[in-house]
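Below is run.csv, which holds CSV, C-alpha atoms.
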chain,number,residue,atom,x,y,z
A,65,MET,CA,0.0,0.0,0.0
A,66,MET,CA,1.4,3.4,-1.0
A,67,ARG,CA,1.9,5.9,1.8
A,68,HIS,CA,0.2,9.3,1.6
A,69,MET,CA,2.5,12.2,0.9
A,70,ASP,CA,2.3,15.3,3.1
A,71,CYS,CA,1.9,18.7,1.6
A,72,GLN,CA,5.3,20.1,2.5
A,73,THR,CA,7.1,17.1,0.9
A,74,ALA,CA,4.9,17.5,-2.2
A,75,GLN,CA,5.8,21.2,-2.5
A,76,ARG,CA,9.5,20.5,-2.3
A,77,MET,CA,9.2,18.0,-5.1
A,78,TYR,CA,7.5,20.3,-7.7
A,79,ASP,CA,10.8,21.2,-9.4
A,80,ASP,CA,11.9,17.6,-9.7
A,81,LEU,CA,8.5,16.7,-11.2
A,82,VAL,CA,8.7,19.5,-13.8
A,83,ASP,CA,12.4,18.7,-14.6
A,84,GLY,CA,11.6,14.9,-14.9
A,85,ARG,CA,14.1,14.0,-12.1
A,86,LEU,CA,11.6,12.0,-10.1
A,87,ALA,CA,11.5,8.2,-10.3
A,88,GLU,CA,8.1,7.1,-11.7
A,89,PRO,CA,6.6,5.7,-8.5
A,90,LEU,CA,7.3,8.9,-6.7
A,91,ALA,CA,6.1,11.1,-9.6
A,92,ALA,CA,2.9,9.1,-9.7
A,93,GLN,CA,2.5,9.6,-6.0
A,94,LEU,CA,3.0,13.4,-6.3
A,95,ARG,CA,0.6,13.7,-9.2
A,96,ARG,CA,-2.1,11.8,-7.2
A,97,HIS,CA,-1.5,14.1,-4.3
A,98,LEU,CA,-1.9,17.2,-6.5
A,99,GLU,CA,-5.2,15.7,-7.8
A,100,GLU,CA,-6.5,15.1,-4.3
A,101,CYS,CA,-5.2,18.2,-2.4
A,102,SER,CA,-6.8,21.5,-3.5
A,103,ASP,CA,-4.4,23.5,-1.2
A,104,CYS,CA,-1.4,22.1,-3.0
A,105,ARG,CA,-3.0,22.7,-6.4
A,106,VAL,CA,-3.4,26.4,-5.5
A,107,GLN,CA,0.1,26.5,-4.2
A,108,ARG,CA,1.4,24.9,-7.4
A,109,GLN,CA,-0.4,27.5,-9.5
A,110,ARG,CA,1.2,30.3,-7.4
A,111,ALA,CA,4.6,28.7,-7.7
A,112,MET,CA,4.2,28.6,-11.5
A,113,ARG,CA,3.2,32.2,-11.7
A,114,LEU,CA,6.1,33.2,-9.6
A,115,GLN,CA,8.4,31.5,-12.0
A,116,GLN,CA,6.7,33.3,-14.9
A,117,LEU,CA,7.2,36.5,-13.1
A,118,LEU,CA,10.8,35.9,-12.4
A,119,ALA,CA,11.4,34.9,-16.0
A,120,ILE,CA,10.5,38.5,-17.0
A,121,LYS,CA,13.8,39.6,-15.6
A,122,ARG,CA,15.6,37.9,-18.5
A,123,TYR,CA,14.3,40.7,-20.7
A,124,GLU,CA,16.1,43.4,-18.7
A,125,GLN,CA,18.9,44.6,-20.9
A,126,PRO,CA,21.9,46.9,-20.4
A,127,PRO,CA,22.1,50.1,-22.5
A,128,PRO,CA,22.8,49.5,-26.2
A,129,GLY,CA,26.4,49.1,-27.0
A,130,TYR,CA,27.3,48.5,-23.4
A,131,PHE,CA,29.3,45.3,-24.0
A,132,GLU,CA,31.2,46.8,-27.0
A,133,GLN,CA,33.6,48.6,-24.7
A,134,PHE,CA,33.7,45.9,-22.0
A,135,VAL,CA,37.1,44.4,-23.0
A,136,ALA,CA,38.7,47.8,-23.4
A,137,GLU,CA,37.4,48.8,-20.0
A,138,PHE,CA,38.7,45.6,-18.6
A,139,HIS,CA,42.2,46.4,-19.9
A,140,ARG,CA,42.1,49.9,-18.6
A,141,ARG,CA,41.1,48.7,-15.1
A,142,LEU,CA,43.7,45.9,-15.2
A,143,ASP,CA,46.5,48.3,-16.1
A,144,ALA,CA,45.4,50.6,-13.2
A,145,GLU,CA,45.3,47.5,-10.9
A,146,MET,CA,48.8,46.6,-11.9
A,147,MET,CA,50.0,50.1,-11.1
A,148,ARG,CA,48.4,50.1,-7.7
A,149,PRO,CA,50.8,49.4,-4.8
A,150,ARG,CA,50.4,46.1,-3.1
A,151,TRP,CA,48.8,45.9,0.3
A,152,TRP,CA,52.1,45.7,2.1
A,153,GLN,CA,53.3,48.8,0.2
A,154,ARG,CA,50.2,50.6,1.2
A,155,LEU,CA,50.6,49.6,4.8
A,156,ALA,CA,54.2,50.8,4.8
A,157,GLU,CA,53.1,54.0,3.3
A,158,SER,CA,50.3,54.5,5.8
A,159,ILE,CA,52.6,54.0,8.9
A,160,ARG,CA,55.4,56.2,7.6
A,161,VAL,CA,55.7,59.3,9.9
A,162,GLU,CA,56.1,62.6,8.1
A,163,VAL,CA,58.7,64.6,10.1
A,164,GLN,CA,59.8,68.1,9.3
A,165,PRO,CA,63.5,68.3,8.4
A,166,VAL,CA,64.3,70.5,11.4
A,167,TRP,CA,63.0,67.9,13.8
A,168,ARG,CA,64.8,65.0,12.1
A,169,TYR,CA,68.1,65.6,13.9
A,170,GLY,CA,66.4,65.9,17.2
A,171,LEU,CA,64.5,62.7,16.6
A,172,ALA,CA,67.6,60.9,15.5
A,173,GLY,CA,69.5,62.2,18.7
A,174,ALA,CA,66.7,61.0,21.0
A,175,CYS,CA,66.7,57.6,19.4
A,176,GLY,CA,70.5,57.4,19.8
A,177,ALA,CA,70.3,58.5,23.5
A,178,ALA,CA,67.7,55.9,24.2
A,179,LEU,CA,69.9,53.3,22.6
A,180,ALA,CA,72.9,54.4,24.6
A,181,LEU,CA,70.9,54.3,27.9
A,182,GLY,CA,69.7,50.9,27.1
A,183,LEU,CA,73.3,49.7,26.6
A,184,LEU,CA,74.5,51.3,29.8
A,185,TRP,CA,71.7,49.7,31.7
A,186,GLN,CA,72.8,46.3,30.3
A,187,VAL,CA,76.4,47.0,31.4
A,188,TYR,CA,75.7,48.0,35.0
A,189,HIS,CA,72.8,45.7,35.6
A,190,PRO,CA,73.9,42.4,34.0
A,191,ALA,CA,71.5,39.6,34.0
A,192,PRO,CA,72.2,37.0,36.7
A,193,ALA,CA,74.5,34.3,35.2
A,194,MET,CA,72.9,31.5,37.1
A,195,SER,CA,69.8,30.1,35.9
A,196,ARG,CA,66.7,30.8,38.0
A,197,ALA,CA,65.5,27.4,37.4
A,198,ALA,CA,65.3,25.1,40.5
A,199,PRO,CA,68.4,22.9,40.9
A,200,ALA,CA,68.0,19.5,39.5
A,201,ARG,CA,67.3,16.8,42.1
A,202,PRO,CA,70.1,14.3,42.3
A,203,MET,CA,69.4,11.0,40.6
A,204,VAL,CA,69.0,8.1,43.0
A,205,SER,CA,71.1,5.5,41.3
A,206,ALA,CA,72.4,3.7,44.4
A,207,PRO,CA,70.4,2.1,47.3
A,208,VAL,CA,69.6,4.7,49.9
A,209,SER,CA,71.3,2.6,52.6
A,210,ALA,CA,74.6,2.9,50.8
A,211,MET,CA,74.5,6.7,50.7
A,212,PRO,CA,75.8,9.0,53.4
A,213,PRO,CA,72.9,10.8,55.2
A,214,ALA,CA,73.7,14.1,53.5
A,215,ALA,CA,73.3,12.6,50.1
A,216,ILE,CA,69.9,11.1,50.7
A,217,PRO,CA,67.4,13.2,48.9
A,218,PRO,CA,64.6,14.3,51.1
A,219,MET,CA,61.9,12.9,48.9
A,220,ALA,CA,63.6,9.5,49.1
A,221,TRP,CA,62.2,9.1,52.6
A,222,HIS,CA,58.9,7.4,52.8
A,223,PRO,CA,56.8,9.0,55.6
A,224,ASP,CA,56.1,5.7,57.2
A,225,ALA,CA,59.7,4.3,56.9
A,226,SER,CA,61.9,4.1,59.9
A,227,ARG,CA,65.1,6.1,59.8
A,228,PRO,CA,67.9,4.1,58.3
A,229,GLN,CA,70.5,2.8,60.7
A,230,TYR,CA,74.1,3.4,60.1
A,231,VAL,CA,77.2,1.9,61.5
A,232,LEU,CA,78.3,5.1,63.3
A,233,ASP,CA,74.9,5.3,64.9
A,234,ARG,CA,75.7,2.2,67.0
A,235,ILE,CA,78.8,3.7,68.5
A,236,ASN,CA,78.3,6.0,71.4
A,237,ILE,CA,80.5,8.9,70.7
A,238,THR,CA,80.4,12.0,72.8
A,239,PRO,CA,80.9,14.8,70.5
A,240,ALA,CA,83.9,17.0,71.4
A,241,SER,CA,83.0,20.5,72.4
A,242,TYR,CA,84.4,23.2,70.4
A,243,GLU,CA,83.3,25.7,72.9
A,244,THR,CA,86.2,27.8,74.1
A,245,ALA,CA,87.3,27.1,77.7
A,246,ARG,CA,86.2,29.5,80.3
A,247,VAL,CA,89.0,31.7,81.3
A,248,ARG,CA,89.1,33.1,84.8
A,249,PHE,CA,90.6,36.4,85.2
B,109,MET,CA,83.2,43.4,-53.8
B,110,ASN,CA,81.7,40.2,-54.9
B,111,ARG,CA,83.1,38.5,-51.8
B,112,LEU,CA,81.5,41.1,-49.6
B,113,ARG,CA,78.1,40.5,-51.3
B,114,GLN,CA,78.4,36.8,-50.8
B,115,LEU,CA,79.1,37.3,-47.1
B,116,ALA,CA,76.2,39.6,-46.7
B,117,GLN,CA,73.9,37.0,-48.4
B,118,ARG,CA,75.2,34.3,-46.1
B,119,PHE,CA,74.3,36.2,-42.9
B,120,GLN,CA,71.0,37.5,-44.2
B,121,PRO,CA,68.1,35.6,-42.5
B,122,ALA,CA,66.4,33.2,-44.8
B,123,PRO,CA,62.8,34.1,-45.7
B,124,ALA,CA,60.5,32.2,-43.4
B,125,SER,CA,58.6,29.4,-45.1
B,126,ALA,CA,54.8,29.3,-45.0
B,127,ALA,CA,54.8,26.5,-42.5
B,128,ALA,CA,57.2,28.2,-40.1
B,129,ARG,CA,55.4,31.5,-40.2
B,130,PRO,CA,53.1,31.9,-37.2
B,131,GLN,CA,49.5,31.6,-38.3
B,132,PRO,CA,46.9,33.9,-36.8
B,133,VAL,CA,45.0,32.0,-34.2
B,134,ASP,CA,41.2,31.9,-34.4
B,135,PHE,CA,40.4,32.1,-30.7
B,136,ALA,CA,36.7,32.0,-31.3
B,137,HIS,CA,36.9,28.3,-32.2
B,138,GLU,CA,39.1,27.2,-29.3
B,139,GLU,CA,37.9,25.4,-26.2
B,140,ASP,CA,38.0,27.1,-22.8
B,141,GLU,CA,40.8,24.8,-21.6
B,142,ALA,CA,43.0,25.7,-24.6
B,143,LEU,CA,42.3,29.4,-24.1
B,144,VAL,CA,43.1,29.2,-20.4
B,145,ALA,CA,46.4,27.4,-21.2
B,146,ARG,CA,47.3,30.1,-23.7
B,147,ALA,CA,46.4,32.8,-21.2
B,148,GLN,CA,48.5,31.1,-18.5
B,149,ARG,CA,51.4,31.3,-21.0
B,150,GLY,CA,50.8,35.1,-21.3
B,151,GLU,CA,48.6,35.4,-24.4
B,152,VAL,CA,46.3,38.2,-23.3
B,153,LYS,CA,44.2,37.9,-26.5
B,154,ALA,CA,43.2,34.4,-25.3
B,155,PHE,CA,41.9,35.8,-22.0
B,156,ASP,CA,40.1,38.5,-24.0
B,157,GLU,CA,38.2,35.8,-25.8
B,158,LEU,CA,37.1,34.3,-22.4
B,159,VAL,CA,36.0,37.7,-21.3
B,160,ASN,CA,33.9,38.1,-24.5
B,161,ARG,CA,32.4,34.6,-24.0
B,162,TYR,CA,31.1,35.1,-20.5
B,163,LYS,CA,30.8,38.8,-19.9
B,164,GLN,CA,27.0,38.9,-20.6
B,165,ARG,CA,26.0,36.0,-18.4
B,166,LEU,CA,28.2,37.1,-15.5
B,167,TYR,CA,26.9,40.7,-15.9
B,168,ALA,CA,23.3,39.3,-15.8
B,169,ALA,CA,24.0,37.3,-12.6
B,170,ALA,CA,25.5,40.4,-10.8
B,171,TYR,CA,22.9,42.7,-12.1
B,172,HIS,CA,19.9,40.6,-11.0
B,173,MET,CA,21.5,40.2,-7.6
B,174,THR,CA,22.3,43.8,-7.0
B,175,GLY,CA,19.5,45.4,-9.0
B,176,ASN,CA,22.0,48.1,-10.1
B,177,HIS,CA,23.6,48.4,-13.4
B,178,GLU,CA,26.7,50.3,-12.3
B,179,ASP,CA,27.4,48.0,-9.4
B,180,ALA,CA,27.1,44.9,-11.7
B,181,ASN,CA,29.5,46.4,-14.1
B,182,ASP,CA,32.1,47.1,-11.4
B,183,LEU,CA,31.7,43.6,-9.9
B,184,VAL,CA,32.1,41.8,-13.1
B,185,GLN,CA,35.1,43.8,-14.2
B,186,ASP,CA,36.6,43.1,-10.8
B,187,ALA,CA,35.9,39.4,-11.1
B,188,PHE,CA,37.7,39.2,-14.5
B,189,ILE,CA,40.7,41.1,-13.0
B,190,LYS,CA,40.8,38.8,-10.0
B,191,ALA,CA,40.6,35.8,-12.4
B,192,TYR,CA,43.3,37.1,-14.6
B,193,ARG,CA,45.6,37.7,-11.7
B,194,SER,CA,44.9,34.3,-10.2
B,195,LEU,CA,45.1,32.4,-13.4
B,196,HIS,CA,48.3,30.7,-12.4
B,197,SER,CA,46.5,29.1,-9.5
B,198,PHE,CA,43.7,27.8,-11.7
B,199,LYS,CA,44.4,24.0,-12.1
B,200,GLY,CA,41.3,23.1,-14.0
B,201,GLN,CA,39.5,21.2,-11.2
B,202,SER,CA,36.3,22.8,-12.5
B,203,SER,CA,35.5,24.4,-15.8
B,204,PHE,CA,36.7,28.0,-16.3
B,205,TYR,CA,33.1,29.1,-16.5
B,206,THR,CA,32.2,27.6,-13.1
B,207,TRP,CA,35.4,29.2,-11.6
B,208,ILE,CA,34.7,32.7,-12.9
B,209,TYR,CA,31.0,32.4,-12.1
B,210,ARG,CA,31.9,31.4,-8.5
B,211,ILE,CA,34.3,34.4,-8.2
B,212,THR,CA,31.6,36.8,-9.5
B,213,VAL,CA,28.8,35.4,-7.2
B,214,ASN,CA,31.1,35.4,-4.1
B,215,ARG,CA,32.2,39.0,-4.8
B,216,THR,CA,28.6,40.0,-5.3
B,217,ILE,CA,27.5,38.4,-2.1
B,218,ASN,CA,30.3,40.0,-0.2
B,219,PHE,CA,29.5,43.4,-1.8
B,220,LEU,CA,25.8,43.0,-0.8
B,221,LYS,CA,26.8,42.1,2.8
B,222,ARG,CA,29.1,45.1,3.1
B,223,ASN,CA,26.5,47.5,1.7
B,224,LYS,CA,23.3,46.3,3.5
B,225,GLN,CA,21.9,49.8,3.9
B,226,ARG,CA,22.4,50.6,0.2
B,227,ASP,CA,19.0,51.2,-1.4
B,228,HIS,CA,19.9,52.4,-4.8
B,229,ALA,CA,18.3,50.6,-7.7
B,230,SER,CA,19.4,51.3,-11.2
B,231,LEU,CA,17.3,49.0,-13.4
B,232,ASN,CA,17.9,48.3,-17.0
B,233,ASP,CA,15.1,48.8,-19.5
B,234,MET,CA,13.0,45.8,-20.5
B,235,ASP,CA,13.5,44.5,-24.0
B,236,ALA,CA,10.3,45.2,-26.1
B,237,SER,CA,10.1,41.5,-27.1
B,238,VAL,CA,8.9,40.6,-23.5
B,239,GLU,CA,5.4,41.5,-24.6
B,240,THR,CA,5.2,38.6,-26.9
B,241,ASP,CA,6.6,36.1,-24.5
B,242,PRO,CA,3.9,33.5,-23.8
B,243,ASP,CA,4.8,33.4,-20.1
B,244,TYR,CA,4.4,37.1,-19.8
B,245,VAL,CA,1.1,37.1,-21.8
B,246,GLU,CA,-0.3,34.4,-19.5
B,247,LEU,CA,0.8,36.2,-16.4
B,248,MET,CA,-0.6,39.5,-17.5
B,249,SER,CA,-3.9,37.9,-18.4
B,250,HIS,CA,-4.2,36.6,-14.9
B,251,VAL,CA,-3.1,39.8,-13.2
B,252,THR,CA,-4.7,42.5,-15.3
B,253,PRO,CA,-8.4,41.5,-14.7
B,254,ARG,CA,-7.8,42.2,-11.0
B,255,ARG,CA,-6.1,45.6,-11.5
B,256,GLU,CA,-4.2,47.5,-14.0
B,257,VAL,CA,-0.5,46.7,-13.8
B,258,GLY,CA,2.2,48.2,-16.0
B,259,LEU,CA,5.3,46.4,-17.0
B,260,ASN,CA,7.5,49.0,-15.2
B,261,GLU,CA,5.5,48.6,-11.9
B,262,LEU,CA,5.8,44.8,-12.2
B,263,GLN,CA,9.6,45.2,-12.7
B,264,GLU,CA,10.0,47.5,-9.7
B,265,LYS,CA,7.9,45.3,-7.4
B,266,LEU,CA,9.7,42.2,-8.5
B,267,ASN,CA,13.1,43.9,-7.9
B,268,GLU,CA,12.1,45.1,-4.4
B,269,ALA,CA,11.0,41.7,-3.4
B,270,ILE,CA,14.2,40.1,-4.6
B,271,GLN,CA,16.2,42.6,-2.7
B,272,LYS,CA,14.5,41.6,0.5
B,273,LEU,CA,15.9,38.1,0.3
B,274,SER,CA,19.1,37.2,2.1
B,275,GLU,CA,22.2,37.2,-0.2
B,276,GLU,CA,22.4,33.4,-0.4
B,277,HIS,CA,18.7,32.9,-1.1
B,278,ARG,CA,18.8,35.7,-3.7
B,279,ALA,CA,21.7,34.1,-5.5
B,280,VAL,CA,20.1,30.7,-5.6
B,281,VAL,CA,16.7,32.0,-6.9
B,282,ILE,CA,18.4,34.1,-9.6
B,283,MET,CA,20.6,31.3,-10.8
B,284,HIS,CA,17.8,28.8,-10.9
B,285,ASP,CA,14.6,30.7,-11.9
B,286,VAL,CA,16.2,33.6,-13.9
B,287,GLN,CA,19.3,32.1,-15.4
B,288,GLY,CA,18.0,28.5,-15.7
B,289,MET,CA,20.9,26.8,-14.0
B,290,THR,CA,20.5,23.2,-12.6
B,291,HIS,CA,20.7,22.4,-8.9
B,292,ALA,CA,24.0,20.6,-9.5
B,293,ASP,CA,25.6,23.6,-11.2
B,294,ILE,CA,24.4,26.0,-8.5
B,295,ALA,CA,25.8,23.7,-5.8
B,296,LYS,CA,29.2,23.8,-7.6
B,297,VAL,CA,29.2,27.6,-7.8
B,298,MET,CA,28.0,28.0,-4.2
B,299,GLY,CA,30.2,25.3,-2.8
B,300,CYS,CA,27.4,23.6,-1.0
B,301,SER,CA,25.3,20.4,-1.4
B,302,GLU,CA,22.3,20.1,-3.8
B,303,GLY,CA,20.1,19.6,-0.8
B,304,THR,CA,21.1,23.0,0.5
B,305,VAL,CA,20.4,24.5,-2.9
B,306,ARG,CA,16.9,22.9,-2.9
B,307,SER,CA,16.2,24.1,0.6
B,308,ARG,CA,17.3,27.7,-0.1
B,309,LEU,CA,15.2,27.7,-3.3
B,310,PHE,CA,12.2,26.5,-1.4
B,311,TYR,CA,12.4,29.1,1.3
B,312,ALA,CA,13.3,31.9,-1.2
B,313,ARG,CA,10.2,31.1,-3.2
B,314,GLN,CA,8.0,30.9,-0.2
B,315,GLN,CA,9.2,34.4,0.8
B,316,LEU,CA,8.7,35.8,-2.7
B,317,GLN,CA,5.2,34.4,-2.9
B,318,GLY,CA,4.4,36.2,0.3
B,319,LEU,CA,5.9,39.5,-0.9
B,320,LEU,CA,4.4,39.3,-4.4
B,321,SER,CA,1.0,37.9,-3.5
B,322,ASP,CA,-0.8,40.8,-5.3
B,323,TYR,CA,0.7,39.8,-8.6
B,324,LEU,CA,0.4,36.0,-8.4

Conversion result in structure tokens:
Amino acid sequence: MMRHMDCQTAQRMYDDLVDGRLAEPLAAQLRRHLEECSDCRVQRQRAMRLQQLLAIKRYEQPPPGYFEQFVAEFHRRLDAEMMRPRWWQRLAESIRVEVQPVWRYGLAGACGAALALGLLWQVYHPAPAMSRAAPARPMVSAPVSAMPPAAIPPMAWHPDASRPQYVLDRINITPASYETARVRF
Amino acid sequence: MNRLRQLAQRFQPAPASAAARPQPVDFAHEEDEALVARAQRGEVKAFDELVNRYKQRLYAAAYHMTGNHEDANDLVQDAFIKAYRSLHSFKGQSSFYTWIYRITVNRTINFLKRNKQRDHASLNDMDASVETDPDYVELMSHVTPRREVGLNELQEKLNEAIQKLSEEHRAVVIMHDVQGMTHADIAKVMGCSEGTVRSRLFYARQQLQGLLSDYL
């Protein structure tokens, strides 16, 4: 059983029906819809009149002899276009500052002074030689237990791990005092 | 003295034979591809032939979209200049006509978008032969019984309605209903799918029917 076509689908297919681009079953379905639907018939009539109206525009013609000079005009414009500066030339022209000759020396002197100040600043405020980057963390290539305590990187400690024991830890050494002896006067 | 004459004769260029002499080229009978190749090699006359071939159709497209004779003239001239200067980049993926048509339509759409407030129609005169066109006769027989309508009024109202469409809808309706291009060709020019062309055409016609309901 053939499905009924809705009005919007039918209206979208008018062109294809007129141009013979619709497959026969679909074309037959559309023709039957147009026979049955009065709204679509009216719409079809209006669409055809609109196309007739638009076709009138084909008769609008430019003034007589207009196209005779077209190629000559093309060459004239092409020559003018070739003579026109390119966009970067126009940009350079637009940013060029027009300075009176009297002020040119002053402007040149000011530019020179600014340059000299910049150089002096570089000489007396040299940039720090050392990199500001954080020092690289030492690579842990040996077991931690084999390292002296100072060499153990802080992050090598696990928070739950007990402190490593070293041989020297087992020996009870009283550290010598480097405090100067009290002198009685 | 004789010796000198002999030497002079030896170094005199030999008269060119008929086969070697360059023949005048009849550009009018050459295909577009051959003309493009010649123009790419610097033969300006070959490009002139292409201009002559397509100037009227491109002018018509720009004119119907802008509704202004002077603007259409400028736009088509600019399109040909742009094409000439970009000829080295034309690789022949599409026909020359599609390429130059696309340049013209894109330039016209950009022009219309830049000058949205411009309301300056400069319509060309209608050719007198319109009055014998069967479509026109049928249309007027339908419209005239309701009220008296002159050709100039019809032209103005039609132009006003077209100018109210968006640039893309206007381009599609002009190419299809005025210039008689197929959906596939319009899709190539506009760089969109045929479905988009059909959709734009449908909505453009709906809008025009509303705007021109007194004349339909």

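Ranking B:Leu273, B:Leu220, B:Val184, B:Leu309 by their shortest atom-to-atom distance to Thr290 (chain B), with all atoms listed in the file included, puts B:Leu309 first.
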
_Set the distance at 9 Å and use only C-alpha atoms: which residues neighbour Tyr162 (chain B) once local chain neighbours fewer than 4 positions away are removed? I'd like the list as a VMD selection string._
chain B and resid 157 to 158 166 to 167 205 208 to 209

Could you build a table of the residues in chain B lying no more than 8 Å from chain A, giving for each the nearest pair of atoms and their separation in Å rounded to one decimal place, using all atoms listed in the file, ordered by chain and ascending residue number, as JSON lines?
{"residue": "B:Asp156", "atom": "CA", "partner": "A:Val135", "partner_atom": "CA", "distance": 6.7}
{"residue": "B:Val159", "atom": "CA", "partner": "A:Val135", "partner_atom": "CA", "distance": 7.0}
{"residue": "B:Asn160", "atom": "CA", "partner": "A:Val135", "partner_atom": "CA", "distance": 7.2}
{"residue": "B:Lys163", "atom": "CA", "partner": "A:Phe131", "partner_atom": "CA", "distance": 7.8}
{"residue": "B:Gln164", "atom": "CA", "partner": "A:Phe131", "partner_atom": "CA", "distance": 7.6}
{"residue": "B:His172", "atom": "CA", "partner": "A:Lys121", "partner_atom": "CA", "distance": 7.7}
{"residue": "B:His177", "atom": "CA", "partner": "A:Pro126", "partner_atom": "CA", "distance": 7.4}
{"residue": "B:Gln185", "atom": "CA", "partner": "A:Phe138", "partner_atom": "CA", "distance": 6.0}
{"residue": "B:Phe188", "atom": "CA", "partner": "A:Phe138", "partner_atom": "CA", "distance": 7.7}
{"residue": "B:Ile189", "atom": "CA", "partner": "A:Leu142", "partner_atom": "CA", "distance": 6.1}
{"residue": "B:Leu231", "atom": "CA", "partner": "A:Glu124", "partner_atom": "CA", "distance": 7.8}
{"residue": "B:Asn232", "atom": "CA", "partner": "A:Pro126", "partner_atom": "CA", "distance": 5.4}
{"residue": "B:Asp233", "atom": "CA", "partner": "A:Glu124", "partner_atom": "CA", "distance": 5.5}
{"residue": "B:Met234", "atom": "CA", "partner": "A:Glu124", "partner_atom": "CA", "distance": 4.3}
{"residue": "B:Asp235", "atom": "CA", "partner": "A:Tyr123", "partner_atom": "CA", "distance": 5.1}
{"residue": "B:Ser237", "atom": "CA", "partner": "A:Tyr123", "partner_atom": "CA", "distance": 7.7}
{"residue": "B:Val238", "atom": "CA", "partner": "A:Tyr123", "partner_atom": "CA", "distance": 6.1}
{"residue": "B:Asp243", "atom": "CA", "partner": "A:Gln116", "partner_atom": "CA", "distance": 5.5}
{"residue": "B:Tyr244", "atom": "CA", "partner": "A:Gln116", "partner_atom": "CA", "distance": 6.6}
{"residue": "B:Leu247", "atom": "CA", "partner": "A:Arg113", "partner_atom": "CA", "distance": 6.6}
{"residue": "B:Gln263", "atom": "CA", "partner": "A:Lys121", "partner_atom": "CA", "distance": 7.6}
{"residue": "B:Leu266", "atom": "CA", "partner": "A:Leu118", "partner_atom": "CA", "distance": 7.5}
{"residue": "B:Asp285", "atom": "CA", "partner": "A:Gln115", "partner_atom": "CA", "distance": 6.3}
{"residue": "B:Val286", "atom": "CA", "partner": "A:Ala119", "partner_atom": "CA", "distance": 5.4}
{"residue": "B:Gln287", "atom": "CA", "partner": "A:Arg122", "partner_atom": "CA", "distance": 7.5}
{"residue": "B:Arg306", "atom": "CA", "partner": "A:Arg76", "partner_atom": "CA", "distance": 7.8}
{"residue": "B:Phe310", "atom": "CA", "partner": "A:Arg76", "partner_atom": "CA", "distance": 6.6}
{"residue": "B:Arg313", "atom": "CA", "partner": "A:Ala111", "partner_atom": "CA", "distance": 7.6}
{"residue": "B:Leu316", "atom": "CA", "partner": "A:Leu114", "partner_atom": "CA", "distance": 7.8}
{"residue": "B:Gln317", "atom": "CA", "partner": "A:Leu114", "partner_atom": "CA", "distance": 6.9}
{"residue": "B:Leu324", "atom": "CA", "partner": "A:Arg113", "partner_atom": "CA", "distance": 5.8}

*asked:* Applying 10 Å and all atoms listed in the file, which residues near Leu98 (chain A) remain after dropping the ones on its own chain fewer than 3 positions away? List them as JSON, numbers by chain.
replied: {"A": [69, 71, 74, 75, 78, 92, 93, 94, 95, 101, 102, 103, 104, 105, 106, 107, 108]}

*Please measure the separation of CA of Trp167 (chain A) and CA of Gly182 (chain A), giving the value in Å to one decimal.*
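Answer for the CA of Trp167 (chain A) to CA of Gly182 (chain A) separation: 22.6 Å.
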
*May I ask for the distance between CA of Val297 (chain B) and CA of Phe204 (chain B), given in Å to one decimal place?*
11.3 Å

Which residues, written as a short mmCIF file (atom, residue, chain, number, x, y, z; two decimals) with C-alpha atoms, keeping the file's coordinate frame, have at least one atom at most 10 Å from Gln315 (chain B), with all atoms listed in the file counted and residues fewer than 4 positions away on the same chain left out?
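Dumped to out_5.cif:
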data_model
loop_
_atom_site.label_atom_id
_atom_site.label_comp_id
_atom_site.auth_asym_id
_atom_site.auth_seq_id
_atom_site.Cartn_x
_atom_site.Cartn_y
_atom_site.Cartn_z
CA ALA B 269 11.00 41.70 -3.40
CA ILE B 270 14.20 40.10 -4.60
CA LYS B 272 14.50 41.60 0.50
CA LEU B 273 15.90 38.10 0.30
CA HIS B 277 18.70 32.90 -1.10
CA LEU B 309 15.20 27.70 -3.30
CA PHE B 310 12.20 26.50 -1.40
CA TYR B 311 12.40 29.10 1.30
CA LEU B 319 5.90 39.50 -0.90
CA LEU B 320 4.40 39.30 -4.40
CA SER B 321 1.00 37.90 -3.50
#

*asked:* So that I can see what lies close to Ala136 (chain B), please list as a list in words the residues with an atom at most 12 Å from it, counting only C-alpha atoms and leaving out residues fewer than 2 positions away in the same chain.
replied: Pro132, Val133, Asp134, Glu138, Glu139, Asp140, Ala142, Leu143, Lys153, Ala154, Phe155, Asp156, Glu157, Leu158, Val159, Asn160 and Arg161 of chain B

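Going from CA of Gly84 (chain A) to CA of His291 (chain B) covers 13.2 Å.
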
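Of the listed residues (B:Val245, B:Ala279, B:Val144, B:Ala229), B:Ala279 comes nearest to Asn214 (chain B); the distances count all atoms listed in the file.
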
Near Met283 (chain B), within 9 Å and counting all atoms listed in the file, which residues show up once chain neighbours fewer than 6 positions away are dropped, as a short mmCIF file (atom, residue, chain, number, x, y, z; two decimals) with C-alpha atoms, keeping the file's coordinate frame?
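For reference, result-v1.cif as written:
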data_model
loop_
_atom_site.label_atom_id
_atom_site.label_comp_id
_atom_site.auth_asym_id
_atom_site.auth_seq_id
_atom_site.Cartn_x
_atom_site.Cartn_y
_atom_site.Cartn_z
CA ALA B 169 24.00 37.30 -12.60
CA MET B 289 20.90 26.80 -14.00
CA THR B 290 20.50 23.20 -12.60
CA ILE B 294 24.40 26.00 -8.50
#

*Between B:Arg278, B:Arg193, B:Lys265, B:Lys199, which has the minimum distance to Ile217 (chain B) (counting all atoms listed in the file)?*
B:Arg278

*Determine the nearest neighbour of Thr73 (chain A) from the options A:Arg168, A:Arg150, A:Arg85, A:His97, counting all atoms listed in the file.*
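Of A:Arg168, A:Arg150, A:Arg85, A:His97, the one nearest Thr73 (chain A) is A:His97, counting all atoms listed in the file.
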